[in-house]
Amino acid sequence: MASRLLHRLRHALAGDGPGEAAAGTEGEQFPESSELEDDDAEGLSSRLSGTLSFNSAEDEDDEDDEDDEATGPDPLPPGDGAPGEDAERNPSPDAQRGSQLLTRQLQDFWKKSRNTLVPQRLLFEVTSANVVKEPPSKYVLYTIAVTGPGPPDRQPAQISRRYSDFERLHRNLQRQFRGPMAALSFPRKRLRRNFTAETIARRSRAFEQFLSHLQAVPELRQAPDLQDFFVLPELRRAQSLTCTGLYREALALWANAWQLQAQLDTPSGPDRPLLTLAGLAVCHQELEDPGEARACCERALQLLGDASPHPLLAPFLEAYVRLSWRLGLDKRQSEARLQALQEAGLTPTPPPSLKELLIKEVLD
């Protein structure tokens, strides 16, 4: 963006008419508005014809530099052209000083902007939108694929949300982050025609761009409300299925929630990752897969480290020792650590199981 602005300003100072025309065309091809009104979302969708996402500022600058080299006017050799054209292409020293000043200002602006934006690592794509009828209510459920860095054949994580979920997230973030949210509009409510294919398509594109914008700004990306939007419904559903004994269905949700947390990569504390690993361990154990259950416990113990005892530490140690014994693997170190906790009175003997704690845990 900075190089494109500099390109335009240089042509404006030099009075280069063709350069201005080229810059105008370029501006039409690269709209900079982040508005998400329905009509704007439709226009963006038709122009980009795919998933709407934000590139990093650094990538955008590289692309613009290439465009400038390809579309910039060819320099004329000395003596070619009319005298008036030579005067226009060789501005006065005052004009050159003004251009240098603007260049420094743009460079300063660019440095500041690079500190406020992070490279976009996630892509969001609405893969389906289904009208759900739950009398007396009726709503559209949007399924969004969340694709992050990793092997290209890796399946993306998925979330399913309705318009009211997006609206609640937008309202909460607007109340907490007035500055970063000021330039972002939201697809407005309609009194009618909410279930037409046209409205659903427009909102799908708008929701993709909305999530990409939130992920591109660090202050918004780390907001607890955004983390809740992505992960909390999945965790609650997985917990409910685990408590009712539907372990295979619950396992898919726990795995999806773990992948979402890994992709979001925000310092929200260890409790939710630990709870997710507990759910995975319980489901793998109940489905007679002790190797995977033990691997989940081992990962949780790595997250817990040597910090002060966590309520889940003893249950993870107990499960790890039992699963290691079942698989014929070394368990002495974990067994000694669990015994030390019991002798210090930091956990009962025997400690509660992961399943017991999982059922009692209140997700908020």
# chains A, B, ... in the order shown; residues from 1 in each chain; ligands from 1
call {"tool": "residues_around", "arguments": {"residues": "segment 309-324 of chain A", "least_positions_apart": "4", "cutoff": "10 Å", "atoms": "only C-alpha atoms", "output": "count of residues only"}}
result
50
call {"tool": "select_by_dssp", "arguments": {"residues": "segment 261-363 of chain A", "states": "helix (DSSP H, G or I)", "output": "VMD selection string"}}
result
chain A and resid 261 to 264 271 to 286 290 to 304 313 to 327 332 to 343 354 to 360
call {"tool": "closest_residue", "arguments": {"among": "A:Ile200, A:Cys243, A:Ile159, A:Cys283", "to": "Ala257 of chain A", "atoms": "only C-alpha atoms"}}
result
A:Ile159
call {"tool": "closest_residue", "arguments": {"among": "A:Pro233, A:Pro149, A:Pro135, A:Pro218", "to": "Arg162 of chain A", "atoms": "only C-alpha atoms"}}
result
A:Pro233
call {"tool": "residues_around", "arguments": {"residues": "Asn256 of chain A", "least_positions_apart": "3", "cutoff": "9 Å", "atoms": "only C-alpha atoms", "output": "list in words"}}
result
Pro156, Ala157, Gln158, Ile159, Glu234, Leu251, Ala252, Leu253, Gln259, Leu260 and Gln261 of chain A
call {"tool": "closest_residue", "arguments": {"among": "A:Ala307, A:Ala344, A:Arg121, A:Asn130", "to": "Thr196 of chain A", "atoms": "only C-alpha atoms"}}
result
A:Asn130
call {"tool": "residues_around", "arguments": {"residues": "Phe210 of chain A", "least_positions_apart": "3", "cutoff": "8 Å", "atoms": "only C-alpha atoms", "output": "list in words"}}
result
Leu36, Phe186, Ala206, Phe207, His213 and Leu214 of chain A
call {"tool": "atom_distance", "arguments": {"atom1": "atom CA of Tyr142 of chain A", "atom2": "atom CA of Asp265 of chain A"}}
result
23.4 Å
call {"tool": "closest_atom_pairs", "arguments": {"of": "segment 213-329 of chain A", "to": "segment 167-176 of chain A", "cutoff": "9 Å", "atoms": "only C-alpha atoms", "output": "Markdown table"}}
result
| residue | atom | partner | partner_atom | distance |
| --- | --- | --- | --- | --- |
| A:Leu220 | CA | A:Leu173 | CA | 7.7 |
| A:Ala223 | CA | A:Leu173 | CA | 8.0 |
| A:Asp225 | CA | A:Leu169 | CA | 6.7 |
| A:Leu226 | CA | A:Leu169 | CA | 7.0 |
| A:Phe229 | CA | A:Leu169 | CA | 7.1 |
call {"tool": "atom_distance", "arguments": {"atom1": "atom CA of Asp228 of chain A", "atom2": "atom CA of Ser212 of chain A"}}
result
16.3 Å
call {"tool": "atom_distance", "arguments": {"atom1": "atom CA of Glu286 of chain A", "atom2": "atom CA of Ser240 of chain A"}}
result
15.4 Å
